[in-house]
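**Student:** Sending over input20.cif (mmCIF, C-alpha atoms).
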```cif
data_structure
#
loop_
_atom_site.label_atom_id
_atom_site.label_comp_id
_atom_site.auth_asym_id
_atom_site.auth_seq_id
_atom_site.Cartn_x
_atom_site.Cartn_y
_atom_site.Cartn_z
CA MET A 1 0.00 0.00 0.00
CA GLU A 2 2.83 2.33 0.92
CA ASN A 3 4.53 1.51 -2.39
CA ALA A 4 1.32 2.21 -4.29
CA ALA A 5 1.01 5.63 -2.64
CA ILE A 6 4.60 6.50 -3.54
CA TYR A 7 4.13 5.25 -7.09
CA ALA A 8 0.97 7.36 -7.55
CA GLN A 9 3.15 10.44 -6.94
CA ALA A 10 5.84 9.30 -9.44
CA SER A 11 6.60 11.79 -12.22
CA TRP A 12 4.69 11.30 -15.47
CA PHE A 13 7.36 13.31 -17.28
CA GLN A 14 10.13 10.95 -16.19
CA ALA A 15 8.17 7.70 -16.67
CA THR A 16 8.24 5.32 -19.64
CA ALA A 17 5.10 4.65 -21.68
CA ARG A 18 4.60 1.33 -19.88
CA GLN A 19 5.00 2.92 -16.45
CA ARG A 20 2.43 5.59 -17.40
CA VAL A 21 -0.11 2.99 -18.52
CA ALA A 22 0.42 1.06 -15.28
CA GLY A 23 0.15 4.23 -13.17
CA LEU A 24 -2.87 5.65 -14.99
CA LEU A 25 -5.07 2.55 -14.93
CA ASP A 26 -6.42 0.53 -12.02
CA PRO A 27 -3.78 -1.91 -10.69
CA ASN A 28 -3.33 -5.05 -12.83
CA SER A 29 -6.26 -4.11 -15.09
CA PHE A 30 -4.25 -3.64 -18.31
CA THR A 31 -4.30 -6.16 -21.16
CA GLU A 32 -1.94 -5.31 -24.01
CA PHE A 33 -2.79 -5.82 -27.70
CA LEU A 34 0.15 -6.80 -29.94
CA GLY A 35 2.56 -6.97 -27.01
CA PRO A 36 6.35 -7.06 -27.35
CA SER A 37 6.47 -10.87 -27.70
CA GLU A 38 4.58 -10.53 -31.00
CA ARG A 39 7.52 -8.49 -32.30
CA VAL A 40 5.37 -6.18 -34.41
CA GLN A 41 8.22 -3.79 -35.12
CA SER A 42 9.49 -1.41 -37.78
CA PRO A 43 10.48 -3.08 -41.07
CA HIS A 44 12.54 0.00 -42.00
CA LEU A 45 14.87 0.94 -39.16
CA HIS A 46 17.39 -1.84 -39.79
CA LEU A 47 18.00 -0.37 -43.25
CA PHE A 48 19.39 2.68 -41.49
CA ASP A 49 21.39 0.54 -39.08
CA LEU A 50 19.16 1.72 -36.25
CA PRO A 51 17.83 -0.50 -33.46
CA SER A 52 14.14 -1.45 -33.47
CA ALA A 53 11.83 -1.70 -30.46
CA PHE A 54 9.69 -4.80 -29.93
CA ASP A 55 6.55 -2.64 -29.71
CA ASP A 56 7.79 0.05 -32.17
CA GLY A 57 7.43 2.55 -29.35
CA VAL A 58 3.65 2.36 -28.88
CA VAL A 59 1.75 0.41 -26.21
CA ILE A 60 -1.94 -0.27 -26.91
CA GLY A 61 -4.56 -2.19 -25.01
CA ARG A 62 -7.56 -2.15 -22.71
CA GLY A 63 -7.91 -1.61 -18.99
CA LYS A 64 -9.95 0.08 -16.30
CA LEU A 65 -9.97 3.63 -14.98
CA ASP A 66 -11.76 3.74 -11.63
CA GLY A 67 -13.63 0.58 -12.58
CA GLU A 68 -14.69 1.83 -16.00
CA ASP A 69 -13.46 0.09 -19.18
CA VAL A 70 -11.12 2.20 -21.31
CA LEU A 71 -8.87 1.73 -24.34
CA VAL A 72 -5.35 3.13 -24.12
CA ALA A 73 -2.53 4.00 -26.53
CA ALA A 74 0.77 5.29 -25.13
CA GLN A 75 3.70 6.62 -27.13
CA GLU A 76 7.22 6.02 -25.80
CA GLY A 77 8.83 9.45 -26.13
CA GLN A 78 12.33 8.15 -25.46
CA PHE A 79 12.33 5.75 -28.43
CA MET A 80 13.14 7.74 -31.61
CA GLY A 81 11.37 10.73 -30.04
CA GLY A 82 8.04 8.89 -29.79
CA THR A 83 7.54 9.23 -33.47
CA PHE A 84 4.68 8.41 -35.78
CA ALA A 85 5.78 5.64 -38.15
CA GLU A 86 4.27 2.83 -40.18
CA VAL A 87 3.84 0.28 -37.41
CA SER A 88 3.57 2.51 -34.33
CA GLY A 89 0.98 4.64 -36.12
CA ALA A 90 -0.98 1.66 -37.42
CA LYS A 91 -1.34 0.36 -33.87
CA MET A 92 -2.96 3.65 -32.79
CA VAL A 93 -5.17 3.88 -35.89
CA GLY A 94 -6.28 0.27 -35.40
CA LEU A 95 -7.25 0.93 -31.78
CA VAL A 96 -9.31 4.02 -32.66
CA ARG A 97 -11.03 2.27 -35.59
CA ALA A 98 -11.84 -0.71 -33.38
CA ALA A 99 -13.64 1.58 -30.91
CA ARG A 100 -15.40 3.30 -33.82
CA ASP A 101 -16.68 0.03 -35.28
CA HIS A 102 -17.36 -2.15 -32.25
CA LYS A 103 -19.86 -0.89 -29.72
CA ASN A 104 -19.04 -3.83 -27.44
CA LEU A 105 -15.59 -2.28 -26.91
CA SER A 106 -15.12 0.61 -24.51
CA GLN A 107 -16.18 3.92 -26.09
CA ILE A 108 -13.44 5.78 -24.22
CA ILE A 109 -9.93 6.13 -25.64
CA LEU A 110 -7.05 7.64 -23.70
CA LEU A 111 -4.15 8.77 -25.92
CA LEU A 112 -0.94 9.21 -23.93
CA LEU A 113 0.84 11.37 -26.49
CA ASP A 114 4.60 11.84 -26.24
CA SER A 115 6.04 12.58 -29.65
CA GLY A 116 8.04 15.09 -31.66
CA GLY A 117 6.06 14.13 -34.78
CA VAL A 118 6.78 11.94 -37.77
CA ARG A 119 9.73 9.51 -37.73
CA LEU A 120 11.97 10.91 -40.46
CA GLN A 121 13.27 7.49 -41.54
CA GLU A 122 9.66 6.51 -42.38
CA ALA A 123 8.44 9.98 -43.28
CA ASN A 124 5.88 9.13 -45.97
CA ALA A 125 4.32 6.33 -43.96
CA GLY A 126 4.41 8.58 -40.90
CA GLU A 127 2.65 11.51 -42.58
CA LEU A 128 0.01 9.15 -43.94
CA VAL A 129 -0.58 7.60 -40.57
CA VAL A 130 -1.06 10.99 -38.90
CA ALA A 131 -3.77 11.77 -41.47
CA GLU A 132 -5.34 8.33 -40.92
CA LEU A 133 -5.28 8.79 -37.17
CA MET A 134 -6.92 12.22 -37.30
CA ARG A 135 -9.60 10.88 -39.63
CA ALA A 136 -10.18 7.85 -37.41
CA ILE A 137 -10.49 10.05 -34.30
CA VAL A 138 -13.02 12.33 -35.99
CA GLN A 139 -15.02 9.32 -37.22
CA ALA A 140 -14.88 7.70 -33.79
CA ARG A 141 -16.04 10.93 -32.12
CA SER A 142 -18.92 11.14 -34.61
CA ALA A 143 -19.85 7.60 -33.57
CA GLY A 144 -19.93 8.68 -29.91
CA VAL A 145 -16.44 7.68 -28.75
CA ALA A 146 -14.71 9.99 -26.24
CA VAL A 147 -11.05 10.51 -27.15
CA ILE A 148 -8.94 12.14 -24.43
CA ALA A 149 -5.35 13.30 -25.05
CA LEU A 150 -2.93 13.28 -22.10
CA VAL A 151 0.23 15.33 -22.70
CA GLY A 152 3.08 15.50 -20.22
CA GLY A 153 6.00 13.55 -21.65
CA LYS A 154 9.55 14.52 -22.53
CA ALA A 155 8.91 14.82 -26.26
CA GLY A 156 5.73 16.87 -25.76
CA ALA A 157 3.13 16.73 -28.53
CA PHE A 158 4.59 18.30 -31.64
CA GLY A 159 3.96 17.85 -35.35
CA GLY A 160 1.53 14.99 -35.91
CA ALA A 161 1.06 14.58 -32.15
CA GLY A 162 0.02 18.24 -31.83
CA LEU A 163 -2.41 17.80 -34.71
CA THR A 164 -3.74 14.59 -33.20
CA ALA A 165 -4.27 16.28 -29.83
CA ALA A 166 -6.27 19.02 -31.54
CA THR A 167 -8.70 16.45 -32.98
CA CYS A 168 -9.46 14.89 -29.58
CA SER A 169 -12.60 15.48 -27.50
CA ARG A 170 -10.58 16.84 -24.60
CA ILE A 171 -6.91 17.50 -23.74
CA ALA A 172 -5.14 17.34 -20.38
CA VAL A 173 -1.67 18.82 -20.02
CA SER A 174 0.89 19.17 -17.25
CA GLU A 175 3.29 22.08 -16.80
CA GLN A 176 6.04 20.03 -18.49
CA GLY A 177 3.77 19.05 -21.36
CA ARG A 178 4.25 21.09 -24.52
CA ILE A 179 1.72 21.21 -27.34
CA ALA A 180 2.37 22.76 -30.76
CA VAL A 181 2.70 21.80 -34.41
CA SER A 182 6.05 23.32 -35.44
CA GLY A 183 8.73 22.99 -32.78
CA PRO A 184 10.74 26.05 -31.69
CA GLU A 185 13.81 25.13 -33.81
CA VAL A 186 11.62 24.67 -36.89
CA ILE A 187 10.00 28.08 -36.45
CA GLU A 188 13.35 29.76 -35.91
CA THR A 189 14.88 28.04 -38.97
CA ASN A 190 12.01 29.06 -41.23
CA LYS A 191 11.03 32.48 -39.89
CA GLY A 192 14.16 33.74 -38.17
CA VAL A 193 15.24 34.28 -34.59
CA GLU A 194 13.14 37.45 -34.31
CA GLU A 195 10.02 35.32 -34.79
CA PHE A 196 10.88 32.72 -32.15
CA ASP A 197 14.20 32.34 -30.35
CA SER A 198 14.49 28.60 -29.74
CA LYS A 199 17.51 29.11 -27.43
CA ASN A 200 15.38 31.21 -25.08
CA LYS A 201 14.06 28.36 -22.96
CA ALA A 202 11.91 30.61 -20.76
CA LEU A 203 10.18 31.96 -23.87
CA VAL A 204 9.78 28.49 -25.41
CA TRP A 205 8.38 26.86 -22.27
CA SER A 206 6.08 29.73 -21.41
CA THR A 207 4.67 29.74 -24.95
CA ASP A 208 4.41 26.00 -25.77
CA GLY A 209 4.19 24.76 -22.17
CA GLY A 210 1.16 23.41 -20.37
CA LYS A 211 0.32 26.53 -18.34
CA ASN A 212 -0.08 28.76 -21.40
CA ARG A 213 -1.97 26.08 -23.31
CA ARG A 214 -4.39 25.73 -20.44
CA LEU A 215 -4.92 29.49 -19.98
CA ILE A 216 -5.64 30.29 -23.63
CA GLY A 217 -7.92 27.27 -24.06
CA GLY A 218 -5.48 24.96 -25.88
CA ALA A 219 -5.99 22.33 -23.16
CA ASP A 220 -9.05 21.61 -21.04
CA ALA A 221 -7.49 20.36 -17.82
CA PHE A 222 -4.23 20.98 -15.98
CA ALA A 223 -2.68 17.87 -14.49
CA GLU A 224 -0.10 17.67 -11.76
CA ASP A 225 3.02 15.90 -13.06
CA SER A 226 2.24 12.52 -11.49
CA MET A 227 0.37 9.30 -12.19
CA GLU A 228 -2.39 10.39 -9.81
CA GLY A 229 -2.44 13.87 -11.40
CA PHE A 230 -3.17 12.51 -14.88
CA ARG A 231 -5.57 9.92 -13.48
CA ALA A 232 -7.57 12.68 -11.80
CA ALA A 233 -7.46 14.89 -14.92
CA ALA A 234 -8.64 12.07 -17.21
CA LYS A 235 -11.51 11.20 -14.86
CA ALA A 236 -12.58 14.86 -14.60
CA LEU A 237 -12.50 15.36 -18.38
CA LEU A 238 -14.60 12.25 -18.99
CA THR A 239 -17.49 13.92 -17.17
CA HIS A 240 -17.52 16.80 -19.72
CA VAL A 241 -17.08 15.27 -23.17
CA PRO A 242 -18.72 17.44 -25.84
CA ALA A 243 -21.01 15.93 -28.43
CA PHE A 244 -19.33 15.93 -31.85
CA ASP A 245 -21.93 17.80 -33.88
CA LEU A 246 -22.45 20.98 -35.90
CA ARG A 247 -23.06 23.06 -32.79
CA THR A 248 -19.73 22.00 -31.26
CA MET A 249 -17.90 22.64 -34.54
CA GLN A 250 -19.38 26.12 -34.87
CA ALA A 251 -18.52 26.92 -31.26
CA GLU A 252 -14.97 25.67 -31.85
CA HIS A 253 -14.50 27.81 -34.97
CA LYS A 254 -15.80 30.84 -33.12
CA ARG A 255 -13.47 30.11 -30.20
CA LEU A 256 -10.40 29.77 -32.45
CA ALA A 257 -11.24 32.98 -34.33
CA GLU A 258 -11.53 34.83 -31.00
CA ARG A 259 -8.21 33.41 -29.84
CA GLN A 260 -6.52 34.68 -32.98
CA GLU A 261 -8.18 38.06 -32.59
CA ASN A 262 -7.33 38.40 -28.89
CA PHE A 263 -3.76 37.15 -28.91
CA GLY A 264 -2.61 37.46 -32.55
CA ALA A 265 -0.47 40.52 -31.85
CA CYS A 266 1.18 39.16 -28.67
CA ASP A 267 4.89 38.39 -28.81
CA ASP A 268 5.12 36.32 -25.63
CA ALA A 269 2.97 34.38 -23.19
CA VAL A 270 2.97 37.03 -20.44
CA SER A 271 1.35 39.55 -22.77
CA MET A 272 -1.39 37.01 -23.49
CA TRP A 273 -1.93 36.47 -19.76
CA ARG A 274 -2.21 40.25 -19.30
CA ILE A 275 -5.01 40.33 -21.90
CA LEU A 276 -6.75 37.60 -19.90
CA SER A 277 -6.85 40.15 -17.02
CA ILE A 278 -4.67 37.99 -14.80
CA LYS A 279 -3.55 40.26 -11.99
CA ASN A 280 0.08 39.29 -11.68
CA PRO A 281 0.96 37.47 -14.92
CA GLU A 282 4.69 37.30 -14.13
CA ALA A 283 3.88 35.08 -11.13
CA ILE A 284 2.21 32.37 -13.24
CA ARG A 285 5.50 30.62 -14.04
CA ASP A 286 6.27 29.97 -10.37
CA MET A 287 2.73 29.14 -9.31
CA ASP A 288 2.24 25.58 -7.98
CA SER A 289 -0.12 23.15 -9.70
CA LYS A 290 -3.06 23.48 -7.31
CA ASP A 291 -3.16 27.29 -7.31
CA PHE A 292 -2.68 27.33 -11.06
CA ALA A 293 -5.47 24.82 -11.73
CA ALA A 294 -7.81 26.95 -9.60
CA LEU A 295 -6.82 30.12 -11.46
CA ALA A 296 -7.30 28.45 -14.86
CA SER A 297 -10.78 27.28 -13.87
CA SER A 298 -11.77 30.92 -13.24
CA ILE A 299 -10.71 32.16 -16.70
CA LYS A 300 -13.32 32.40 -19.42
CA GLU A 301 -11.04 31.50 -22.36
CA ALA A 302 -9.88 28.34 -20.62
CA ASN A 303 -13.38 26.98 -20.11
CA HIS A 304 -15.71 26.25 -22.98
CA ASP A 305 -18.11 23.71 -24.42
CA ALA A 306 -16.44 23.52 -27.82
CA ARG A 307 -13.62 21.38 -29.36
CA MET B 1 23.42 -3.81 -37.08
CA LEU B 2 25.51 -6.26 -35.11
CA THR B 3 23.70 -9.33 -33.86
CA LEU B 4 25.17 -11.55 -31.18
CA LYS B 5 23.84 -14.88 -29.99
CA PHE B 6 24.83 -16.56 -26.75
CA ARG B 7 23.76 -20.06 -25.72
CA HIS B 8 24.16 -21.26 -22.16
CA THR B 9 23.05 -24.06 -19.93
CA ALA B 10 22.35 -22.40 -16.60
CA LYS B 11 22.70 -24.09 -13.23
CA ARG B 12 18.94 -24.27 -12.77
CA ARG B 13 15.60 -23.04 -14.06
CA LEU B 14 14.63 -19.51 -13.05
CA SER B 15 11.82 -19.58 -10.47
CA GLY B 16 8.62 -17.53 -10.69
CA LYS B 17 5.34 -17.60 -12.58
CA GLN B 18 5.71 -14.89 -15.21
CA ASP B 19 5.85 -16.04 -18.85
CA THR B 20 7.13 -12.76 -20.30
CA ALA B 21 8.54 -9.46 -19.09
CA ILE B 22 9.95 -6.36 -20.72
CA ILE B 23 12.14 -3.72 -19.14
CA GLY B 24 13.96 -0.63 -20.41
CA VAL B 25 13.57 1.49 -23.52
CA VAL B 26 15.60 1.69 -26.72
CA ALA B 27 17.10 5.13 -26.19
CA SER B 28 20.57 6.62 -26.07
CA GLY B 29 22.59 4.79 -23.40
CA ASN B 30 19.65 2.55 -22.61
CA LEU B 31 18.32 -0.77 -23.89
CA GLU B 32 15.22 -2.90 -24.01
CA VAL B 33 15.23 -6.46 -22.63
CA LEU B 34 12.45 -8.91 -23.47
CA LEU B 35 12.39 -12.12 -21.43
CA GLU B 36 10.29 -15.13 -22.45
CA ARG B 37 10.02 -18.45 -20.57
CA VAL B 38 9.97 -20.67 -23.65
CA LEU B 39 13.01 -22.96 -23.41
CA PRO B 40 13.18 -26.44 -21.86
CA GLY B 41 15.12 -27.19 -18.67
CA ALA B 42 17.99 -24.91 -17.80
CA GLU B 43 18.73 -23.74 -21.34
CA CYS B 44 19.18 -20.05 -21.86
CA GLU B 45 19.51 -17.98 -25.03
CA VAL B 46 20.50 -14.33 -25.22
CA ASP B 47 20.11 -12.56 -28.58
CA ILE B 48 21.45 -9.04 -28.89
CA ALA B 49 20.95 -6.45 -31.63
CA THR B 50 23.15 -3.38 -31.34
CA PRO B 51 24.23 -0.63 -33.75
CA ILE B 52 27.54 -0.29 -31.86
CA THR B 53 30.28 -2.58 -33.19
CA GLY B 54 33.53 -3.70 -31.58
CA TYR B 55 32.27 -4.72 -28.13
CA ASP B 56 31.66 -8.45 -28.73
CA GLU B 57 34.01 -9.46 -25.92
CA THR B 58 32.38 -7.04 -23.47
CA TRP B 59 28.92 -8.40 -24.26
CA LYS B 60 30.19 -11.96 -23.81
CA ALA B 61 31.74 -11.11 -20.44
CA VAL B 62 28.54 -9.40 -19.20
CA ILE B 63 26.28 -12.26 -20.34
CA ASP B 64 28.61 -14.93 -18.90
CA GLU B 65 28.63 -13.15 -15.55
CA PHE B 66 24.83 -12.64 -15.62
CA VAL B 67 24.12 -16.32 -16.36
CA GLU B 68 26.57 -17.43 -13.68
CA ARG B 69 25.02 -15.19 -11.01
CA PHE B 70 21.30 -15.34 -11.83
CA SER B 71 20.90 -18.75 -13.47
CA PRO B 72 18.19 -17.72 -15.97
CA GLY B 73 17.36 -21.30 -17.08
CA GLY B 74 14.36 -21.63 -19.42
CA LEU B 75 14.56 -18.05 -20.67
CA ARG B 76 14.97 -16.65 -24.15
CA ILE B 77 16.26 -13.12 -23.64
CA SER B 78 16.18 -10.64 -26.53
CA VAL B 79 17.96 -7.29 -26.35
CA ASN B 80 17.51 -4.18 -28.49
CA ASP B 81 20.44 -1.99 -27.56
CA GLY B 82 20.67 1.78 -27.85
CA GLY B 83 24.35 1.97 -26.90
CA ALA B 84 24.04 1.11 -23.21
CA ARG B 85 27.09 0.79 -20.97
CA PRO B 86 27.85 -2.66 -19.51
CA ASP B 87 26.61 -1.68 -16.04
CA THR B 88 23.26 -0.57 -17.50
CA VAL B 89 23.02 -3.83 -19.46
CA PHE B 90 23.64 -5.83 -16.29
CA LEU B 91 21.10 -3.78 -14.34
CA ARG B 92 18.36 -4.30 -16.96
CA LEU B 93 19.06 -8.06 -17.10
CA MET B 94 18.76 -8.21 -13.30
CA GLN B 95 15.52 -6.17 -13.36
CA GLY B 96 14.13 -8.47 -16.05
CA CYS B 97 14.86 -11.57 -13.97
CA ALA B 98 13.23 -9.95 -10.93
CA LEU B 99 10.06 -9.35 -12.98
CA MET B 100 10.04 -12.96 -14.23
CA GLU B 101 10.46 -14.25 -10.65
CA GLU B 102 7.25 -12.56 -9.49
CA VAL B 103 4.54 -15.06 -8.59
#
```
Would you kindly transcribe this structure into C-alpha cells?
**Tutor:**
Amino acid sequence: MENAAIYAQASWFQATARQRVAGLLDPNSFTEFLGPSERVQSPHLHLFDLPSAFDDGVVIGRGKLDGEDVLVAAQEGQFMGGTFAEVSGAKMVGLVRAARDHKNLSQIILLLLDSGGVRLQEANAGELVVAELMRAIVQARSAGVAVIALVGGKAGAFGGAGLTAATCSRIAVSEQGRIAVSGPEVIETNKGVEEFDSKNKALVWSTDGGKNRRLIGGADAFAEDSMEGFRAAAKALLTHVPAFDLRTMQAEHKRLAERQENFGACDDAVSMWRILSIKNPEAIRDMDSKDFAALASSIKEANHDAR
Amino acid sequence: MLTLKFRHTAKRRLSGKQDTAIIGVVASGNLEVLLERVLPGAECEVDIATPITGYDETWKAVIDEFVERFSPGGLRISVNDGGARPDTVFLRLMQGCALMEEV
C-alpha cells in the first residue's frame, strides 16, 4: 500500500510509456494488444542501421480507470522521439477504428501522447498515418467515442502529435507538457530568430508549455506531473465530453477565431496572460499546480463547451 | 546492425510464474530487454541487436557473468540496444529476472 502511494506520486514526465499505462489505470487491469512478444516492429529501421523496439514505441490495449473500461494508446517518447511511423501509427489507428466500429468495446480512448512528430526514416508512412489517425479520431467521435489526449512527456506533442491532440474530445496537459505543431527550432529556422528564439528556454516553455496552453484554451485540464495527477485529470474530463456535432464545430471555430483576434499581436505568453486580465501574470510561471489549476478554472477562455 | 547470440546451460531453471517481461527502452545509453520463458530445462539464449560494433568481448563477459550469477534457465532473452554501458546492461538483465520471478 505504501509503495502504491509513492508510485501514484511518481513523475509522469520521467516515466516510460509502460510505467504511465500502469500508473494511470487501475492496478493489474491492463491487457496489451500486440505486445512485445509478438515483435510487431518497424520493417525500415534496420535499413538505417538503427535499433528497433519490440513494440515500435507504442503500447496499446484495454484496462480500467476507476472501474470503467477504457482503451489506451501510449507513445514512448524516449524511443526515436516517440515518433509516428508505419507500425507505431498503425497500432494507434487500429485501436481508434476498433472503438469506432465495435460498440461492445469501450467507447473511451485515452491517448498518452509523447512525440516530436513523424519519424523521419519513415516519413511518408508517418505523414500518412497521422492523417489516418486524425480521420479515425473524428469518425470515432462522430460515432460517440470519447477521445482524451494526455500530454506531459519529454517529447511533448509536436507535429503529428500536436495535430492529433487538436482532434481529440478533450486535452489534459501538465506544466512540463508542450503542445504545438512546429517545434521552436523549426519556427526559428524558417522564420528567423526574431520570430521565435528557440535558445530562449523561458520563452519556449512559457509559450508552448502546459500553463499557457491551459490558460488560452489549448488544453481543457491541468494535471499535476504525477500518475495520480493525470488519473484525476482524465476522470474529470470524462465527465464533460462534448457531443461531436455541428453546434460544437461552430462553437470551436468561433473560439479559435476569438483566440486569434485576442492574442494574434502578442509576442510572448505574459502579454497574453495580461489580456486575460490575470492580476500578476509574471507570477504564473512559479505558481504551484493546485493554485494554477484553480486560477485556470476561473478564466473564461480556458473553459468552454467547444472542441 | 551487429547481432550476437549466446547459448548457455544455466545451473537451474529460473523460479517464478511470469511467462514474459519487458524492461527498459531503446534510447541513447539505454536498452530494451524482453524475457520469455519458452526454453526447456535450464537452457538459456541471449540474442542481442546493437548498432555499436567492436564490443563483442564485453557483451560476452557481461552475459557470462549474468548467467553465472542469476541462473536464468528456461529463458529466451532478446535485447535491443541503444548503446548502453555494460553496467546498465547488467542492471536491466537483473531487473528483467526480478520481474520474471514474481509469482
**Student:** One number please: CA of Leu47 (chain A) to CA of Ser78 (chain B), in Å, one decimal.
**Tutor:** 19.7 Å
**Student:** Hey, which of A:Leu105, A:Thr248, A:Ala293, A:Gly152 ends up closest to Phe230 (chain A)? Count all atoms listed in the file.
**Tutor:** A:Gly152
**Student:** Residue by residue, what does the PyMOL selection byres ((chain B) within 8 of (chain A)) grab here? Present the result as a PyMOL selection string.
**Tutor:** chain B and resi 1+20+22+25-27+32+34+36+49-51+80-82
**Student:** Could you save the residues just selected, with C-alpha atoms, as a PDB file, in the coordinates of the input?
**Tutor:**
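The result, stored in out-v8.pdb:
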```
ATOM      1  CA  MET B   1      23.420  -3.810 -37.080  1.00  0.00           C
ATOM      2  CA  THR B  20       7.130 -12.760 -20.300  1.00  0.00           C
ATOM      3  CA  ILE B  22       9.950  -6.360 -20.720  1.00  0.00           C
ATOM      4  CA  VAL B  25      13.570   1.490 -23.520  1.00  0.00           C
ATOM      5  CA  VAL B  26      15.600   1.690 -26.720  1.00  0.00           C
ATOM      6  CA  ALA B  27      17.100   5.130 -26.190  1.00  0.00           C
ATOM      7  CA  GLU B  32      15.220  -2.900 -24.010  1.00  0.00           C
ATOM      8  CA  LEU B  34      12.450  -8.910 -23.470  1.00  0.00           C
ATOM      9  CA  GLU B  36      10.290 -15.130 -22.450  1.00  0.00           C
ATOM     10  CA  ALA B  49      20.950  -6.450 -31.630  1.00  0.00           C
ATOM     11  CA  THR B  50      23.150  -3.380 -31.340  1.00  0.00           C
ATOM     12  CA  PRO B  51      24.230  -0.630 -33.750  1.00  0.00           C
ATOM     13  CA  ASN B  80      17.510  -4.180 -28.490  1.00  0.00           C
ATOM     14  CA  ASP B  81      20.440  -1.990 -27.560  1.00  0.00           C
ATOM     15  CA  GLY B  82      20.670   1.780 -27.850  1.00  0.00           C
TER      16      GLY B  82
END
```
**Student:** Neighbouring residues of Trp59 (chain B) were defined as those with any atom within 12 Å, considering only C-alpha atoms; residues of the same chain fewer than 6 positions away were excluded. Please report them as a PyMOL selection string.
**Tutor:** chain B and resi 2-6+46-50+52-53+65-66+79+81+83-90
**Student:** Restrict the selected residues to C-alpha atoms and save them as a short mmCIF file (atom, residue, chain, number, x, y, z; two decimals), in the coordinates of the input.
**Tutor:**
```
data_model
loop_
_atom_site.label_atom_id
_atom_site.label_comp_id
_atom_site.auth_asym_id
_atom_site.auth_seq_id
_atom_site.Cartn_x
_atom_site.Cartn_y
_atom_site.Cartn_z
CA LEU B 2 25.51 -6.26 -35.11
CA THR B 3 23.70 -9.33 -33.86
CA LEU B 4 25.17 -11.55 -31.18
CA LYS B 5 23.84 -14.88 -29.99
CA PHE B 6 24.83 -16.56 -26.75
CA VAL B 46 20.50 -14.33 -25.22
CA ASP B 47 20.11 -12.56 -28.58
CA ILE B 48 21.45 -9.04 -28.89
CA ALA B 49 20.95 -6.45 -31.63
CA THR B 50 23.15 -3.38 -31.34
CA ILE B 52 27.54 -0.29 -31.86
CA THR B 53 30.28 -2.58 -33.19
CA GLU B 65 28.63 -13.15 -15.55
CA PHE B 66 24.83 -12.64 -15.62
CA VAL B 79 17.96 -7.29 -26.35
CA ASP B 81 20.44 -1.99 -27.56
CA GLY B 83 24.35 1.97 -26.90
CA ALA B 84 24.04 1.11 -23.21
CA ARG B 85 27.09 0.79 -20.97
CA PRO B 86 27.85 -2.66 -19.51
CA ASP B 87 26.61 -1.68 -16.04
CA THR B 88 23.26 -0.57 -17.50
CA VAL B 89 23.02 -3.83 -19.46
CA PHE B 90 23.64 -5.83 -16.29
#
```
**Student:** Any chance you could work out the residue set of the PyMOL selection byres ((chain A and resi 276) around 12) here, as a PDB file with C-alpha atoms, in the frame of the given file?
**Tutor:**
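See selection_30.pdb below for the written result:
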```
ATOM      1  CA  ASN A 212      -0.080  28.760 -21.400  1.00  0.00           C
ATOM      2  CA  LEU A 215      -4.920  29.490 -19.980  1.00  0.00           C
ATOM      3  CA  ILE A 216      -5.640  30.290 -23.630  1.00  0.00           C
ATOM      4  CA  GLY A 217      -7.920  27.270 -24.060  1.00  0.00           C
ATOM      5  CA  ARG A 259      -8.210  33.410 -29.840  1.00  0.00           C
ATOM      6  CA  ASN A 262      -7.330  38.400 -28.890  1.00  0.00           C
ATOM      7  CA  PHE A 263      -3.760  37.150 -28.910  1.00  0.00           C
ATOM      8  CA  CYS A 266       1.180  39.160 -28.670  1.00  0.00           C
ATOM      9  CA  ALA A 269       2.970  34.380 -23.190  1.00  0.00           C
ATOM     10  CA  VAL A 270       2.970  37.030 -20.440  1.00  0.00           C
ATOM     11  CA  SER A 271       1.350  39.550 -22.770  1.00  0.00           C
ATOM     12  CA  MET A 272      -1.390  37.010 -23.490  1.00  0.00           C
ATOM     13  CA  TRP A 273      -1.930  36.470 -19.760  1.00  0.00           C
ATOM     14  CA  ARG A 274      -2.210  40.250 -19.300  1.00  0.00           C
ATOM     15  CA  ILE A 275      -5.010  40.330 -21.900  1.00  0.00           C
ATOM     16  CA  SER A 277      -6.850  40.150 -17.020  1.00  0.00           C
ATOM     17  CA  ILE A 278      -4.670  37.990 -14.800  1.00  0.00           C
ATOM     18  CA  LYS A 279      -3.550  40.260 -11.990  1.00  0.00           C
ATOM     19  CA  ASN A 280       0.080  39.290 -11.680  1.00  0.00           C
ATOM     20  CA  PRO A 281       0.960  37.470 -14.920  1.00  0.00           C
ATOM     21  CA  LEU A 295      -6.820  30.120 -11.460  1.00  0.00           C
ATOM     22  CA  ALA A 296      -7.300  28.450 -14.860  1.00  0.00           C
ATOM     23  CA  SER A 298     -11.770  30.920 -13.240  1.00  0.00           C
ATOM     24  CA  ILE A 299     -10.710  32.160 -16.700  1.00  0.00           C
ATOM     25  CA  LYS A 300     -13.320  32.400 -19.420  1.00  0.00           C
ATOM     26  CA  GLU A 301     -11.040  31.500 -22.360  1.00  0.00           C
ATOM     27  CA  ALA A 302      -9.880  28.340 -20.620  1.00  0.00           C
TER      28      ALA A 302
END
```
**Student:** Which one of A:Val241, A:Val40, A:Ala123, A:Leu111 sits closest to Val145 (chain A) if you count only C-alpha atoms?
**Tutor:**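 Of A:Val241, A:Val40, A:Ala123, A:Leu111, the one nearest Val145 (chain A), counting only C-alpha atoms, is A:Val241.
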**Student:** So that I can see what lies close to Gly16 (chain B), please list as a short mmCIF file (atom, residue, chain, number, x, y, z; two decimals) with C-alpha atoms, in the coordinates of the input the residues with an atom at most 7 Å from it, counting all atoms listed in the file and leaving out residues fewer than 5 positions away in the same chain.
**Tutor:**
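Here's the written file part_7.cif:
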```
data_model
loop_
_atom_site.label_atom_id
_atom_site.label_comp_id
_atom_site.auth_asym_id
_atom_site.auth_seq_id
_atom_site.Cartn_x
_atom_site.Cartn_y
_atom_site.Cartn_z
CA MET B 100 10.04 -12.96 -14.23
CA GLU B 101 10.46 -14.25 -10.65
CA GLU B 102 7.25 -12.56 -9.49
CA VAL B 103 4.54 -15.06 -8.59
#
```
**Student:** Using only C-alpha atoms, which of the listed residues (B:Gln18, B:Ser71, B:Asn30, B:Thr58) sits closest to Glu43 (chain B)?
**Tutor:** B:Ser71
**Student:** One decimal, Å: what's the distance from CA of Gly126 (chain A) over to CA of Gly82 (chain A), could you say?
**Tutor:** 11.7 Å
